[in-house]
file upload-v8.cif (mmCIF, C-alpha atoms)
data_start
#
loop_
_atom_site.label_atom_id
_atom_site.label_comp_id
_atom_site.auth_asym_id
_atom_site.auth_seq_id
_atom_site.Cartn_x
_atom_site.Cartn_y
_atom_site.Cartn_z
CA MET A 1 0.00 0.00 0.00
CA ASN A 2 1.35 3.40 -0.97
CA LYS A 3 1.85 5.78 1.92
CA LEU A 4 -0.15 8.98 1.85
CA LEU A 5 1.64 11.29 4.28
CA THR A 6 5.19 11.96 5.44
CA ILE A 7 5.46 13.54 8.88
CA ALA A 8 8.87 15.18 8.93
CA ILE A 9 10.70 16.82 11.83
CA PRO A 10 13.71 19.10 11.26
CA THR A 11 15.78 19.39 14.42
CA TYR A 12 19.06 20.69 15.79
CA ASN A 13 20.52 20.31 19.29
CA ARG A 14 17.14 19.92 20.97
CA ALA A 15 17.21 16.24 21.81
CA ASP A 16 14.89 16.51 24.82
CA LEU A 17 12.26 18.40 22.83
CA LEU A 18 12.56 15.91 19.97
CA ASP A 19 12.13 13.10 22.49
CA LYS A 20 8.82 14.58 23.67
CA GLN A 21 7.61 15.18 20.13
CA LEU A 22 8.38 11.61 19.07
CA GLU A 23 6.67 10.34 22.21
CA TRP A 24 3.56 12.28 21.14
CA LEU A 25 3.86 10.96 17.60
CA SER A 26 4.25 7.36 18.78
CA GLN A 27 0.80 7.57 20.38
CA ALA A 28 -0.97 9.83 17.89
CA ILE A 29 0.00 7.72 14.86
CA LYS A 30 -1.53 4.51 16.23
CA GLY A 31 -4.12 3.21 13.81
CA TYR A 32 -2.60 5.14 10.91
CA GLU A 33 0.72 3.31 10.59
CA SER A 34 -0.05 1.98 7.11
CA GLU A 35 -0.72 5.47 5.75
CA CYS A 36 2.20 7.43 7.18
CA GLU A 37 5.96 7.68 7.16
CA ILE A 38 8.17 9.45 9.68
CA PHE A 39 11.30 11.35 8.74
CA VAL A 40 13.69 13.22 11.05
CA SER A 41 16.36 15.52 9.65
CA ASP A 42 19.17 16.17 12.14
CA ASN A 43 21.08 19.34 11.27
CA CYS A 44 24.41 17.96 12.57
CA SER A 45 23.48 18.12 16.25
CA SER A 46 26.23 17.87 18.84
CA ASP A 47 23.96 16.64 21.65
CA HIS A 48 22.30 13.22 22.02
CA THR A 49 19.80 13.73 19.20
CA GLN A 50 20.99 10.60 17.38
CA GLU A 51 20.37 8.48 20.47
CA ILE A 52 16.81 9.80 20.70
CA ILE A 53 16.18 9.03 17.04
CA GLN A 54 17.51 5.49 17.39
CA LYS A 55 15.42 4.92 20.51
CA TRP A 56 12.18 5.87 18.80
CA GLN A 57 13.02 4.02 15.60
CA GLU A 58 13.11 0.89 17.75
CA ASN A 59 9.98 1.80 19.74
CA ILE A 60 7.64 2.97 16.97
CA LYS A 61 6.61 -0.23 15.25
CA ASN A 62 4.95 -0.82 11.87
CA VAL A 63 5.90 2.63 10.59
CA ASN A 64 8.53 3.43 8.00
CA PHE A 65 10.79 5.68 10.13
CA LYS A 66 13.74 7.21 8.29
CA SER A 67 16.29 9.77 9.44
CA ASN A 68 19.20 11.76 8.10
CA ARG A 69 22.10 13.50 9.80
CA HIS A 70 23.74 16.28 7.82
CA ILE A 71 27.53 16.38 7.92
CA GLU A 72 27.32 20.08 8.77
CA ASN A 73 24.69 22.55 9.96
CA LEU A 74 22.84 23.75 6.85
CA GLY A 75 20.83 26.42 8.62
CA VAL A 76 17.19 26.31 9.63
CA MET A 77 15.48 26.97 6.31
CA LYS A 78 17.67 24.57 4.33
CA ASN A 79 16.93 21.82 6.82
CA ILE A 80 13.19 22.47 6.52
CA MET A 81 13.41 22.41 2.73
CA TYR A 82 15.41 19.19 2.90
CA CYS A 83 12.51 17.60 4.78
CA LEU A 84 10.09 18.72 2.08
CA ILE A 85 12.08 17.51 -0.91
CA SER A 86 12.94 14.19 0.77
CA ALA A 87 9.30 13.14 1.00
CA LYS A 88 8.18 10.35 -1.35
CA THR A 89 4.52 10.34 -0.33
CA LYS A 90 1.70 12.36 -1.95
CA TYR A 91 1.63 14.83 0.95
CA VAL A 92 4.20 16.13 3.41
CA TRP A 93 3.66 17.65 6.84
CA THR A 94 6.76 19.18 8.40
CA ILE A 95 6.36 19.87 12.12
CA GLY A 96 8.50 21.68 14.65
CA ASP A 97 10.21 19.62 17.33
CA ASP A 98 8.66 21.81 20.04
CA ASP A 99 5.12 22.55 18.78
CA PRO A 100 2.29 21.10 20.92
CA ILE A 101 -0.02 19.14 18.59
CA GLN A 102 -3.26 17.43 19.55
CA ASP A 103 -3.54 13.67 19.14
CA ARG A 104 -6.62 14.05 16.92
CA ALA A 105 -4.72 16.14 14.37
CA ILE A 106 -3.34 13.16 12.43
CA GLY A 107 -6.76 11.59 12.04
CA TYR A 108 -8.24 14.87 10.85
CA VAL A 109 -5.45 15.43 8.34
CA LEU A 110 -5.64 11.94 6.85
CA ASP A 111 -9.43 12.09 6.62
CA LYS A 112 -9.27 15.32 4.60
CA LEU A 113 -6.44 14.07 2.38
CA LYS A 114 -8.38 10.91 1.49
CA LYS A 115 -11.72 12.63 0.91
CA HIS A 116 -10.38 15.41 -1.30
CA GLN A 117 -8.21 13.97 -4.06
CA GLU A 118 -7.52 17.40 -5.62
CA LEU A 119 -6.34 18.93 -2.35
CA SER A 120 -3.05 20.77 -2.70
CA LEU A 121 -2.85 22.61 0.65
CA LEU A 122 -4.27 22.08 4.11
CA PHE A 123 -3.93 24.69 6.84
CA LEU A 124 -4.48 23.47 10.40
CA ASN A 125 -5.83 26.28 12.52
CA PHE A 126 -3.87 26.95 15.69
CA SER A 127 -3.84 29.00 18.85
CA GLY A 128 -0.97 31.09 20.16
CA ARG A 129 0.66 31.46 23.56
CA ASN A 130 3.40 33.78 24.78
CA LYS A 131 6.37 31.73 26.00
CA ILE A 132 7.14 34.07 28.91
CA THR A 133 3.75 35.32 30.12
CA GLY A 134 1.57 32.39 29.06
CA GLU A 135 -0.98 34.82 27.63
CA ALA A 136 -2.94 34.05 24.50
CA VAL A 137 -1.53 35.60 21.32
CA HIS A 138 -3.29 36.01 18.00
CA PRO A 139 -3.30 38.46 15.06
CA PRO A 140 -5.05 41.75 15.82
CA THR A 141 -7.16 41.32 12.68
CA ILE A 142 -8.69 38.07 13.96
CA VAL A 143 -11.18 37.61 16.80
CA GLY A 144 -10.46 34.85 19.30
CA ASN A 145 -7.33 32.82 19.91
CA ARG A 146 -7.02 31.36 16.43
CA TRP A 147 -4.76 32.41 13.55
CA PHE A 148 -6.99 31.63 10.58
CA ASP A 149 -10.54 33.01 10.53
CA VAL A 150 -11.57 31.18 7.35
CA ASP A 151 -13.96 28.25 7.58
CA ASN A 152 -13.26 26.27 4.43
CA GLU A 153 -13.31 22.61 5.35
CA ASP A 154 -15.09 21.22 2.29
CA GLY A 155 -12.37 22.01 -0.25
CA THR A 156 -14.56 24.36 -2.27
CA GLY A 157 -13.77 27.89 -3.36
CA ASP A 158 -10.93 29.32 -5.39
CA GLY A 159 -7.57 28.34 -3.92
CA LYS A 160 -5.84 31.59 -4.76
CA THR A 161 -8.60 33.71 -3.27
CA ILE A 162 -8.53 31.70 -0.04
CA PHE A 163 -4.77 32.00 0.21
CA GLU A 164 -4.85 35.73 -0.53
CA TYR A 165 -7.35 36.23 2.27
CA CYS A 166 -5.21 34.24 4.72
CA LEU A 167 -2.01 36.04 3.78
CA THR A 168 -3.48 39.53 4.02
CA LYS A 169 -4.92 38.67 7.42
CA SER A 170 -1.69 37.25 8.85
CA VAL A 171 1.66 36.45 7.27
CA GLY A 172 2.60 34.76 10.54
CA ALA A 173 -0.22 32.23 10.22
CA VAL A 174 0.79 31.22 6.70
CA ILE A 175 4.45 30.67 7.65
CA PHE A 176 3.88 28.70 10.87
CA LEU A 177 5.72 25.50 10.02
CA SER A 178 3.54 22.93 11.77
CA SER A 179 0.20 24.19 10.47
CA SER A 180 0.78 23.45 6.76
CA ILE A 181 0.36 20.19 4.86
CA TYR A 182 1.52 20.46 1.24
CA ARG A 183 1.12 18.29 -1.82
CA THR A 184 4.66 17.05 -2.28
CA ASP A 185 4.99 17.32 -6.06
CA LEU A 186 3.84 20.95 -5.98
CA VAL A 187 6.30 21.88 -3.25
CA LYS A 188 9.14 20.33 -5.21
CA ARG A 189 8.07 22.13 -8.36
CA ALA A 190 7.86 25.43 -6.48
CA LEU A 191 11.41 25.00 -5.20
CA GLN A 192 12.65 24.19 -8.70
CA ILE A 193 11.12 27.45 -9.92
CA TRP A 194 12.67 29.47 -7.09
CA PRO A 195 15.74 27.66 -5.70
CA ASN A 196 16.74 30.70 -3.65
CA ALA A 197 13.66 30.19 -1.49
CA ILE A 198 15.99 28.38 0.91
CA ASN A 199 17.54 31.77 1.77
CA ASN A 200 14.25 33.53 2.49
CA TRP A 201 12.72 33.45 5.99
CA ILE A 202 9.19 33.88 4.60
CA SER A 203 9.45 31.33 1.80
CA LEU A 204 6.92 28.97 3.38
CA ALA A 205 4.32 31.55 2.33
CA TYR A 206 5.53 31.18 -1.26
CA LEU A 207 5.24 27.38 -1.06
CA ALA A 208 1.73 27.60 0.36
CA GLY A 209 0.70 30.16 -2.22
CA TYR A 210 2.05 28.06 -5.07
CA CYS A 211 0.17 25.00 -3.84
CA ALA A 212 -3.02 27.03 -3.38
CA ALA A 213 -2.83 28.27 -6.97
CA ASN A 214 -2.65 24.70 -8.27
CA GLY A 215 -5.39 22.85 -6.44
CA LYS A 216 -7.97 22.91 -3.67
CA VAL A 217 -7.40 24.38 -0.21
CA ILE A 218 -8.78 23.44 3.19
CA VAL A 219 -8.52 25.57 6.32
CA SER A 220 -9.68 23.84 9.49
CA LYS A 221 -12.31 25.54 11.60
CA GLU A 222 -11.07 24.13 14.89
CA THR A 223 -7.55 24.52 16.27
CA TYR A 224 -5.34 21.43 16.31
CA LEU A 225 -2.05 22.78 17.63
CA GLU A 226 -0.42 25.66 19.43
CA CYS A 227 2.25 28.16 18.43
CA ILE A 228 4.60 29.18 21.22
CA VAL A 229 5.35 32.84 20.47
CA GLY A 230 8.72 34.36 21.34
CA VAL A 231 10.99 31.42 20.51
CA SER A 232 11.12 31.60 16.71
CA TYR A 233 14.37 30.41 15.14
CA TRP A 234 14.78 33.59 13.06
CA GLN A 235 14.85 35.79 16.17
CA LYS A 236 18.36 34.57 16.94
CA GLU A 237 19.73 35.66 13.58
CA GLU A 238 21.31 39.08 13.01
CA LYS A 239 19.36 41.36 10.67
CA SER A 240 16.51 38.83 10.51
CA ALA A 241 13.76 41.32 11.42
CA LEU A 242 15.09 43.87 8.93
CA LEU A 243 15.36 41.33 6.14
CA MET A 244 11.96 39.78 6.78
CA GLN A 245 10.06 43.06 6.76
CA TYR A 246 11.91 44.96 4.05
CA LYS A 247 13.28 42.24 1.75
CA HIS A 248 11.91 38.73 2.27
CA ILE A 249 8.19 39.50 2.31
CA PRO A 250 8.52 41.62 -0.87
CA GLU A 251 10.48 38.80 -2.53
CA VAL A 252 7.76 36.29 -1.71
CA VAL A 253 4.96 38.55 -2.94
CA LEU A 254 6.86 39.08 -6.18
CA LYS A 255 7.31 35.33 -6.67
CA LEU A 256 3.61 34.79 -6.07
CA HIS A 257 2.85 37.39 -8.74
CA GLU A 258 5.23 35.65 -11.14
CA ASN A 259 3.40 32.38 -10.50
CA GLY A 260 -0.19 33.30 -11.10
CA TYR A 261 -1.22 35.96 -8.59
CA SER A 262 -2.49 39.23 -9.98
CA LYS A 263 -0.56 42.47 -10.28
CA ARG A 264 -3.29 44.07 -8.21
CA PHE A 265 -2.73 41.62 -5.36
CA TYR A 266 1.03 42.21 -5.57
CA ALA A 267 0.55 45.98 -5.31
CA GLN A 268 -1.90 45.69 -2.43
CA MET A 269 0.40 43.40 -0.47
CA MET A 270 3.37 45.71 -0.97
CA VAL A 271 1.40 48.69 0.33
CA GLN A 272 0.03 46.66 3.23
CA ASN A 273 3.52 45.49 4.14
CA PHE A 274 4.75 49.09 4.13
CA GLN A 275 1.92 50.05 6.48
CA GLN A 276 2.85 47.26 8.88
CA VAL A 277 6.65 47.50 8.99
CA ASN A 278 8.17 48.50 12.29
CA LEU A 279 10.18 51.71 11.91
CA LYS A 280 12.15 50.83 15.05
CA VAL A 281 13.53 47.79 13.23
CA PHE A 282 14.94 50.00 10.49
CA LEU A 283 16.31 52.63 12.91
CA GLY A 284 17.98 49.95 15.01
CA ALA A 285 19.53 48.39 11.92
CA LEU A 286 20.60 51.82 10.68
CA ARG A 287 22.63 52.33 13.86
CA ARG A 288 24.25 48.90 13.73
CA TRP A 289 24.65 48.30 9.99
CA PRO A 290 24.07 51.66 8.23
CA ILE A 291 25.15 50.64 4.73
CA SER A 292 23.34 47.32 4.78
CA ALA A 293 20.18 48.90 6.20
CA ILE A 294 20.06 51.56 3.50
CA GLN A 295 20.77 49.04 0.74
CA THR A 296 17.88 46.93 2.00
CA VAL A 297 15.28 49.64 2.56
CA VAL A 298 15.79 51.90 -0.48
CA PRO A 299 14.71 49.26 -3.07
CA PHE A 300 11.75 48.41 -0.85
CA LEU A 301 10.58 52.02 -0.74
CA ALA A 302 10.95 52.33 -4.51
CA VAL A 303 8.72 49.32 -5.13
CA VAL A 304 6.18 50.48 -2.55
CA SER A 305 5.94 53.89 -4.25
CA ILE A 306 5.13 52.27 -7.59
CA SER A 307 2.65 49.89 -5.94
CA ALA A 308 0.90 52.74 -4.13
CA VAL A 309 0.32 54.52 -7.44
CA GLU A 310 -1.11 51.35 -8.97
CA VAL A 311 -3.44 50.76 -6.03
CA MET A 312 -4.76 54.33 -6.16
CA ALA A 313 -5.17 54.24 -9.93
CA ALA A 314 -7.25 51.05 -10.02
CA PRO A 315 -10.76 50.56 -8.60
CA GLU A 316 -10.55 49.76 -4.93
CA VAL A 317 -10.65 46.09 -4.02
CA LYS A 318 -10.33 45.07 -0.42
CA ILE A 319 -9.19 41.48 -0.12
CA ALA A 320 -8.83 41.20 3.64
CA GLU A 321 -11.52 43.61 4.81
CA CYS A 322 -15.23 43.17 4.41
CA HIS A 323 -17.40 44.14 7.36
CA HIS A 324 -20.66 42.88 5.87
CA GLN A 325 -19.61 39.38 4.87
CA THR A 326 -18.42 36.34 6.77
CA SER A 327 -14.96 35.00 6.07
CA SER A 328 -16.53 31.94 4.43
CA GLN A 329 -18.43 34.15 2.00
CA ILE A 330 -15.30 36.14 1.21
CA VAL A 331 -13.18 33.16 0.24
CA ARG A 332 -15.92 31.50 -1.76
CA ARG A 333 -16.60 34.44 -4.04
CA LYS A 334 -14.55 34.70 -7.21
CA ASN A 335 -13.21 38.21 -7.20
CA ASN A 336 -13.16 39.34 -10.83
CA SER A 337 -10.70 42.11 -9.99
CA VAL A 338 -8.11 39.65 -8.68
CA SER A 339 -7.65 37.51 -11.76
#

call {"tool": "encode", "arguments": {"input": "upload-v8.cif", "output": "structure tokens"}}
result
Amino acid sequence: MNKLLTIAIPTYNRADLLDKQLEWLSQAIKGYESECEIFVSDNCSSDHTQEIIQKWQENIKNVNFKSNRHIENLGVMKNIMYCLISAKTKYVWTIGDDDPIQDRAIGYVLDKLKKHQELSLLFLNFSGRNKITGEAVHPPTIVGNRWFDVDNEDGTGDGKTIFEYCLTKSVGAVIFLSSSIYRTDLVKRALQIWPNAINNWISLAYLAGYCAANGKVIVSKETYLECIVGVSYWQKEEKSALLMQYKHIPEVVLKLHENGYSKRFYAQMMVQNFQQVNLKVFLGALRRWPISAIQTVVPFLAVVSISAVEVMAAPEVKIAECHHQTSSQIVRRKNNSVS
């Protein structure tokens, strides 16, 4: 029997967290062993990660459990992408080694994948929690502790329109690693089109957008996992905030435009991103890396200026705002101006 889903875990020097995640997986996967594979990609850890992997390969029975240890640390994004391109199953679900996931998530995912043969992208809704304070965290544009406010569980509606709505509501939701299940062949094709995606912190949004443009999309109504806010891998990298806001998001939006998304959507997203950037990020970078900061921000401002003119010149279309319609109605309508 051909496997349907690869559950992949990229990890580095977090053996204890990986141990807990594999313990969860060993229980949650029971009853679905014939439909799933497990893959762990160790980014050349120096702790006892390999011992943990070997332990669970022996303990988790009746499941094809593969692993790989890189000979050197490739970096976070390259390790994630390695998980995606290594999958041989129809779908791939890459999860963080520290993300709390409910046991029922696997059953829900497999049920949707089997019922909807044309599915290309599945977003699992999730809640958020601040690592330090324990308080609930969610996008200011969304009511309640959930990060997607679209109810689209039947696989209907235009995939691009649904994705556009999700992205304009929250970039953070679209790039949360553990919430996305991709069709494997589409992810691989997307990476062939844009190989440099491995160097972009926001590139998971590009992968999701590419999948959405080439098939059906489901967004779960209920939450199935939790995002622990304040411990993101990119926060430890120098210039990451500057690059994400002023360079990587614009790069992703451009790639989406080049792969089927309208010029109007591109212009709107560029203007929206300009409205949401944190000026303190730029000023802080300007003090620390003046030349680099200027070289990053000037091209961004040039593109935003052009986009602003295009948005003002065309009839107004609000993708993410509609006070008189439900989110389900928004994503199900085919917007003639975004085609």

call {"tool": "closest_residue", "arguments": {"input": "upload-v8.cif", "among": "A:Ala105, A:Ile132, A:Glu72, A:Val171", "to": "A:Ser203", "atoms": "all atoms listed in the file"}}
result
A:Val171

call {"tool": "resolve_selection", "arguments": {"input": "upload-v8.cif", "expression": "the PyMOL selection byres ((chain A and resi 123) around 6)", "output": "CSV table (one decimal) with C-alpha atoms, in the coordinates of the input"}}
result
chain,number,residue,atom,x,y,z
A,122,LEU,CA,-4.3,22.1,4.1
A,124,LEU,CA,-4.5,23.5,10.4
A,179,SER,CA,0.2,24.2,10.5
A,180,SER,CA,0.8,23.4,6.8
A,219,VAL,CA,-8.5,25.6,6.3

call {"tool": "residues_around", "arguments": {"input": "upload-v8.cif", "residues": "A:Ala241", "least_positions_apart": "6", "cutoff": "12 Å", "atoms": "all atoms listed in the file", "output": "list of chain:residue names"}}
result
A:Asn200, A:Trp201, A:Ile202, A:Ser232, A:Tyr233, A:Trp234, A:Gln235, A:Lys247, A:His248, A:Ile249, A:Val277, A:Asn278, A:Leu279, A:Lys280, A:Val281, A:Phe282, A:Leu283, A:Gly284, A:Ala285, A:Ala293, A:Thr296

call {"tool": "closest_residue", "arguments": {"input": "upload-v8.cif", "among": "A:Leu225, A:Leu121, A:Ala302, A:Ala267", "to": "A:Asp185", "atoms": "all atoms listed in the file"}}
result
A:Leu121

call {"tool": "resolve_selection", "arguments": {"input": "upload-v8.cif", "expression": "the PyMOL selection byres ((chain A and resi 212) around 10)", "output": "JSON, numbers by chain"}}
result
{"A": [119, 120, 121, 122, 158, 159, 160, 161, 162, 163, 164, 182, 183, 186, 206, 207, 208, 209, 210, 211, 213, 214, 215, 216, 217, 218]}

call {"tool": "resolve_selection", "arguments": {"input": "upload-v8.cif", "expression": "the PyMOL selection byres ((chain A and resi 82) around 12)", "output": "compact mmCIF listing (two decimals) with C-alpha atoms, in the coordinates of the input"}}
result
# COMPACT_ATOMS: atom_id res chain seq x y z
CA ALA A 8 8.87 15.18 8.93
CA ILE A 9 10.70 16.82 11.83
CA PRO A 10 13.71 19.10 11.26
CA THR A 11 15.78 19.39 14.42
CA PHE A 39 11.30 11.35 8.74
CA VAL A 40 13.69 13.22 11.05
CA SER A 41 16.36 15.52 9.65
CA ASP A 42 19.17 16.17 12.14
CA ASN A 43 21.08 19.34 11.27
CA SER A 67 16.29 9.77 9.44
CA ASN A 68 19.20 11.76 8.10
CA ARG A 69 22.10 13.50 9.80
CA HIS A 70 23.74 16.28 7.82
CA LEU A 74 22.84 23.75 6.85
CA GLY A 75 20.83 26.42 8.62
CA VAL A 76 17.19 26.31 9.63
CA MET A 77 15.48 26.97 6.31
CA LYS A 78 17.67 24.57 4.33
CA ASN A 79 16.93 21.82 6.82
CA ILE A 80 13.19 22.47 6.52
CA MET A 81 13.41 22.41 2.73
CA CYS A 83 12.51 17.60 4.78
CA LEU A 84 10.09 18.72 2.08
CA ILE A 85 12.08 17.51 -0.91
CA SER A 86 12.94 14.19 0.77
CA ALA A 87 9.30 13.14 1.00
CA VAL A 92 4.20 16.13 3.41
CA THR A 94 6.76 19.18 8.40
CA VAL A 187 6.30 21.88 -3.25
CA LYS A 188 9.14 20.33 -5.21
CA LEU A 191 11.41 25.00 -5.20
CA ALA A 197 13.66 30.19 -1.49
CA ILE A 198 15.99 28.38 0.91

call {"tool": "atom_distance", "arguments": {"input": "upload-v8.cif", "atom1": "atom CA of A:Leu301", "atom2": "atom CA of A:Gln275"}}
result
11.4 Å

call {"tool": "closest_residue", "arguments": {"input": "upload-v8.cif", "among": "A:Lys131, A:Lys255, A:Lys221, A:Lys239", "to": "A:Pro195", "atoms": "all atoms listed in the file"}}
result
A:Lys255

call {"tool": "closest_residue", "arguments": {"input": "upload-v8.cif", "among": "A:Asn199, A:Arg14, A:Leu254, A:Arg189", "to": "A:Gly96", "atoms": "all atoms listed in the file"}}
result
A:Arg14

call {"tool": "residues_around", "arguments": {"input": "upload-v8.cif", "residues": "stretch 97-99 of chain A", "least_positions_apart": "2", "cutoff": "6 Å", "atoms": "all atoms listed in the file", "output": "PyMOL selection string"}}
result
chain A and resi 17-18+21

call {"tool": "closest_residue", "arguments": {"input": "upload-v8.cif", "among": "A:Glu51, A:Glu135, A:Glu23, A:Asp16", "to": "A:Cys227", "atoms": "all atoms listed in the file"}}
result
A:Glu135
